[in-house]
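A short write-up of the structure that comes next.
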2 protein chains.
Amino acid sequence: MNAIGSELWIGPKADRTELSALARQLRADSVRASTAAGSGHPTSSMSAADLMAVLLAKHLHYDWGTPDHPANDHLIFSKGHASPLLYAMFKAAGVVDEHELMTTYRRAGGRLQGHPTPILPWVDVATGSLGQGIGYGVGIALAGRKLDRIPYRVWALCGDSEMAEGSVWEALDKAAHYGLDNFTVILDVNRLGQVGPTEFGWDVERYAHRVSAFGCRALTVDGHDLDEIDAAYQAVRMADLPTVIIARTVKGSGFSEVEDSPDWHGKPLPEGMAQRALEQLGGVTDLHVRGPLPEAHETEPHPPTARSAPTPVPVSPPRFEQGEKVATRKAYGQALAALGTRAEVVALDGEVGNSTYNEAFQKEYPDRYFQIYIAEQQMIATAVGLSVRGYRPFAATFAAFLTRAHDFLRMAAISQIDLSVVGSHCGVEIGADGPSQMGLEDLAMMRSIHGSTVLYPSDAASAAALTMAMADLPGISYLRTTRGVYPVLYGPDEEFPVGGSKVWGESTQDLVTLVGAGVTLHECLAAAEELARQGTATRVVDLYSVKPLDTENLLRCARETRLMLVVEDHHPQGGIGEAVAAVLAAADRGGEGGGVAARFAHLAVDSLPASATTPESLDAAGIDAKHIVAAVRSALDRREMGASEPRRQA
Amino acid sequence: MNAIGSELWIGPKADRTELSALARQLRADSVRASTAAGSGHPTSSMSAADLMAVLLAKHLHYDWGTPDHPANDHLIFSKGHASPLLYAMFKAAGVVDEHELMTTYRRAGGRLQGHPTPILPWVDVATGSLGQGIGYGVGIALAGRKLDRIPYRVWALCGDSEMAEGSVWEALDKAAHYGLDNFTVILDVNRLGQVGPTEFGWDVERYAHRVSAFGCRALTVDGHDLDEIDAAYQAVRMADLPTVIIARTVKGSGFSEVEDSPDWHGKPLPEGMAQRALEQLGGVTDLHVRGPLPEAHETEPHPPTARSAPTPVPVSPPRFEQGEKVATRKAYGQALAALGTRAEVVALDGEVGNSTYNEAFQKEYPDRYFQIYIAEQQMIATAVGLSVRGYRPFAATFAAFLTRAHDFLRMAAISQIDLSVVGSHCGVEIGADGPSQMGLEDLAMMRSIHGSTVLYPSDAASAAALTMAMADLPGISYLRTTRGVYPVLYGPDEEFPVGGSKVWGESTQDLVTLVGAGVTLHECLAAAEELARQGTATRVVDLYSVKPLDTENLLRCARETRLMLVVEDHHPQGGIGEAVAAVLAAADRGGEGGGVAARFAHLAVDSLPASATTPESLDAAGIDAKHIVAAVRSALDRREMGASEPRRQA
């Protein structure tokens, strides 16, 4: 131990006594912070304290003053509930002080959340939904090994309970597939979960067998033997495989009253117990750590720091002839390939790249294309990890199968990740393959993700333009693409600002506004033509931006027409219809000054679809031009509507 | 081969020649059906034809005339895209005829969907989202081994690509955990996925290693050697573990032009090629199969047949004192335990039973309680399998973590499964644990599931009553429960019909309707009291039934008041607010006869939440009584609203 001024410092050459003192401090601080907060998981922290003490002092290469240093190691607490331990480490590293730890943990306005989030500059990703941290680590390690070529290491601390999540095995499989020898999982086998013993207790060999089978190196250690832990961390530097260190530990280790007890999960120790725990742990100490700094690296990483603004480079988006029939999914693929001139753009596939057209990017930029196979959770997790390192991922699969990654998308929003997601084959439009392949819930899912942008182009021109726009959108952005080919509606220089919409066939005589996107826009256009033939002037809104919504234009159309009919190839809940309804319902509905008079109507897929041709599917779901015309006729004929004249603007 | 009349029959004693002829027919029919349909996956069918021929003729114990026979084996095509093969088997079994196969496959109005669904009486579950069939099979096998104690076997045919899904490993882990020796996976390793070679090609040992590590028995076979296949099927009957038969196969096997070609995934053969394929396969044949019948079983299964109506038994729901403070999650647990007198009720846990209170059921009925550990996908998959066998599962975890199982819930709806799902710890109400644990997207997710029912009680009395109701609801029903304790609002005999709502404090003077559920109902009630003090008469709607919605009552309140403010502890998209907005927007808004005059307003969680106390969290999200009062004040003060007098009914 070295004294600098009044502080005691522990460095990479720390001996067993010093490491033990640090581990006791991490435990004591975990107890103190959670008792002060009145909630938290001290016992789940204590089991991993020795593992983290050795890591922090001797193996985590990190410049704590420069959290954006490109060669910093990355530490992910997949067992996010052990946040007291992580924050105790931050205190030992000198970046969180005693006051912050003891007065802000789990409290409003503080950075020390119940589960870690990237509000803290030393935290890459939010955790707390178990089984996710390994997946994110794979993405970050992939960036280091395959893209940045910076010799940082990624360490993920996991609990044994979360090994039951399939996502963990998707992650380890990909760690091995991509040869991520810079990736280490530290598995804290304390044998006790929330409700009691875990599935395998202390059977560390069982975990080792699985880890090996999934292509990673398994090392088993006594998680409280500092020398064994140290040796394992040294060994991972020699491995040419990702390593999982399987550590047998004791929950609540260090305080006899809670050690290995199933009754102390997720409970702070009451004051008296906390006091006794501190006595056993050697009291309150203020050891600081100066661990190893990042390793030198010669290559200039790209991008130079995480989340830095990319240098603008020319991008030549694809151009399409108006009237030409092109699938939006194909236009997306071409636009994505064009975006490849921007070196931060990467693409991920769930083994359907020839359906989503992500393969167009693969052909041009194979080094920035990652095949994750049919593992949608890991596809999103990898994308999150790449985004942490400043890349701009485009992850694509069928819209239906994105539901598989819902929890990862939810957590990515909490991590405030910038990420583009693309779902193809939306809706009943796909026809013959049947309902299992039809994305009919994706708009509800993606709209409800915090801070998301949801885009839904109807033609190739808008699909390409919106793909371009997505590359710079903050948060989770989603592009919904369609299987079939449809006419290009717009010229190549048309602009599609996010939050905008387009209006077709507007006149002052319009009685009806039809609102559609994707295939239903084409059906709306056909219906408007038929309605015009029947003498009912109708305009059509192309709602290519579902979130944010072009509220202004929708309200204008609602003021100027009698009926606003939204038609969508999605279940009725949570999609375009309800988004528009919320705008109309909240609007002024009368009085002076042009209140909203239009009544809202909605056609969506409310039945269970089946295999059929595309026209049959749209017909069966009641969302084709024929049904649109009939719905408009029926609504206009209703006595109630006839009774109140629409408010019109000249 | 035996001739009966003009038909040739193959039975359990079939020899190699006969089995080979059957396999050729299954291939030929797969080619013919998909070519006739103009879409489908013939080559993925052909790789598994030998595996299925032997199974059908010699090992699948099935009474084809009685698909509900309780002792029938269960066959699940997890690789649902190989539906031509399954339908060719049905034709060979004599339950689908030549005409149906050749003229209805993948066509509107037919039963032979692009991917199998239970429209067909011999299909238990819809497949087509890969990696799910094994999980469902585990649930069905669990019912047979642990509940019904009927000696049926479950066979699941899987593709190699889908082994990349983590859900497959969750399933195999649980198959081993529950000792399901009646469960067999047949893995068709044809080495080619949709975009090219799979991750492991023909490395069958890799799969075997993983399968063994996950506690199942691995048998590797040549998937085109009929004797080897037969021996493997015989061997699984001897095993005391679940078995995975790993079969090396050739995609497109049987037709030289497509064998082992990466270019023929998911493509029907053009007419000319199909003709040449038939020539190589021996032409069109009409072999029929009489495989083994179900094994005798002595115990009376419960329930006697799948999906039969349960016998009514007395259930004593828990009763609560009005004013007593009880968490809805706890009331749910007590009601679930009370439901245990109904022998078809089973419960599943994702290792949080002491949080969701599912553990109340476990204590009373441990034999009908299944711990799935932290594997939400498999929790739902197991529930689906149990439901197939006529049980009524209640599967519960945190609302936030149900997103993990979104794709399984989506597919369960397509399977038309009856299933109760419970999500606890909804919303920012949970406070200190932070955003990773807060269910803020679950209403959007569960509302958008086809045919779902969504219930959201605010007190213990309604929570218990709705739990009772759920046990008999068709489709996927969802109960959203809250962490904290709140006063019991209703007496023990109050009824809560699904699709209903309750109104508090209604008067003819009301200017405002507040709509809430869960914690926000309590905030609405507090706000209404404060507004009354301020002279603004306000009623409150308890919207305990979110789907279906009490449209009639909502419209009545909207006609009778000026403002309808919906307050929810959920993101603004896809929840209660938009559901109500859609009703209001679609309503008549003026004219004679009491049109809807009330303007809609909405308070929901639109910011990224953080750790805090419950009151601080509700405040920060802007959904507490204080914000409700302020929103009402602001809306009523708006000039636009003052300009148009509300239409009131006496």
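Just so we're on the same page: first chain in the structure tokens is A, next is B, and so on; residues restart at 1 for each chain, and ligands are numbered from 1 in the order they show up.
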
Near Cys557 (chain B), within 12 Å and counting only C-alpha atoms, which residues show up once chain neighbours fewer than 4 positions away are dropped, as a PyMOL selection string?
chain B and resi 501-504+506-515+538-541+550-553+561-565+580+583-584+594-600+646-649

Please return as number ranges by chain: the residues of region 384-596 of chain B that backbone DSSP assigns to alpha helix (DSSP H).
B: 384-388, 399-402, 406-414, 442-447, 460-470, 519-533, 551-560, 576-586

Would you mind writing down, as a VMD selection string, each residue of region 87-293 of chain B that DSSP on the backbone assigns to strand (DSSP E)?
chain B and resid 154 to 159 183 to 189 217 to 222 243 to 248 287 to 289

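Minimum distance to chain A across B:Thr243, B:Thr249, B:Ser129, B:Ser420 (counting only C-alpha atoms) occurs at B:Ser129.
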
Write out as a ChimeraX atom specification the residues lying within 7 Å of Val250 (chain B), counting only C-alpha atoms and excluding same-chain residues fewer than 6 positions away.
/B:47,190,259-260

Take the residues from that selection and put them in a file with N, CA, C and O atoms, as a short mmCIF file (atom, residue, chain, number, x, y, z; two decimals), in the first residue's frame.
data_model
loop_
_atom_site.label_atom_id
_atom_site.label_comp_id
_atom_site.auth_asym_id
_atom_site.auth_seq_id
_atom_site.Cartn_x
_atom_site.Cartn_y
_atom_site.Cartn_z
N SER B 47 -35.12 -32.89 -46.99
CA SER B 47 -34.03 -33.33 -46.11
C SER B 47 -34.55 -34.19 -44.96
O SER B 47 -33.84 -35.06 -44.47
N ASN B 190 -29.32 -30.13 -42.21
CA ASN B 190 -29.08 -30.13 -43.66
C ASN B 190 -28.05 -29.08 -44.07
O ASN B 190 -27.85 -28.86 -45.26
N GLU B 259 -30.02 -31.03 -54.74
CA GLU B 259 -29.39 -31.58 -53.53
C GLU B 259 -28.21 -30.75 -53.07
O GLU B 259 -27.33 -30.41 -53.87
N ASP B 260 -28.20 -30.42 -51.80
CA ASP B 260 -27.11 -29.69 -51.15
C ASP B 260 -26.79 -28.36 -51.84
O ASP B 260 -25.66 -27.87 -51.78
#

Residues near region 69-86 of chain B, cut-off 6 Å, only C-alpha atoms, skip fewer than 5 positions along chain, as a PyMOL selection string
chain B and resi 30+41+44-45+61-62+115+127-128+133+152-159+294+305

Choose the residue, out of B:Thr403, B:Ser415, B:Ser261, B:Ser161, that has the smallest atom-to-atom separation from Met446 (chain B); count only C-alpha atoms.
B:Thr403
